[in-house]
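A.B. asks: First, the structure itself, so that you have it in front of you.
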Amino acid sequence: MEDPNMAAYANAQPVPMTTADVLGQNLQALTQNFDSQLQMFDRQQEWLRCSQVSFKILKMTKDDDPEAYIEAFECHALMTGLPQDYWASQLGPW
């Protein structure tokens, strides 16, 4: 016995696509892909730019005051223009 929900599709004919339709879909897919690649490239460039910032600060030792070290780090990061998004990667353990 046939599924009654499928009866409506039994006589359906595929809608022919023109060459222009296919090309339009391909162009749309390529444009979306290009936009995605461009966004990834922009993020990589930003990361590269920030990683090239000359950011040198002495490693914290066991004798250093943690609050004073973090305050010095923040001042140095602000002076060198290091975006706050990258502070953790510079402040974290080496």
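Each chain in the structure tokens gets a letter, A, B and so on, in the order shown; residues start at 1 in every chain, and ligands are counted from 1 in the order they appear.
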Could you pull out the residues in stretch 18-76 of chain A that DSSP calls alpha helix (DSSP H) from the backbone, as a PyMOL selection string?

C.D. replies: chain A and resi 19-51+66-76

A.B. asks: Which is closer to A:Ser89 than all the others in A:Gln13, A:Thr18, A:Asp63, A:Trp47, using only C-alpha atoms?

C.D. replies: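 Of A:Gln13, A:Thr18, A:Asp63, A:Trp47, the one nearest A:Ser89 is A:Trp47, counting only C-alpha atoms.
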
A.B. asks: Which of these residues is nearest to A:Pro66, using only C-alpha atoms: A:Asp42, A:Leu91, A:Gln84, A:Asp35?

C.D. replies: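 Distance minimum relative to A:Pro66 lands on A:Leu91.
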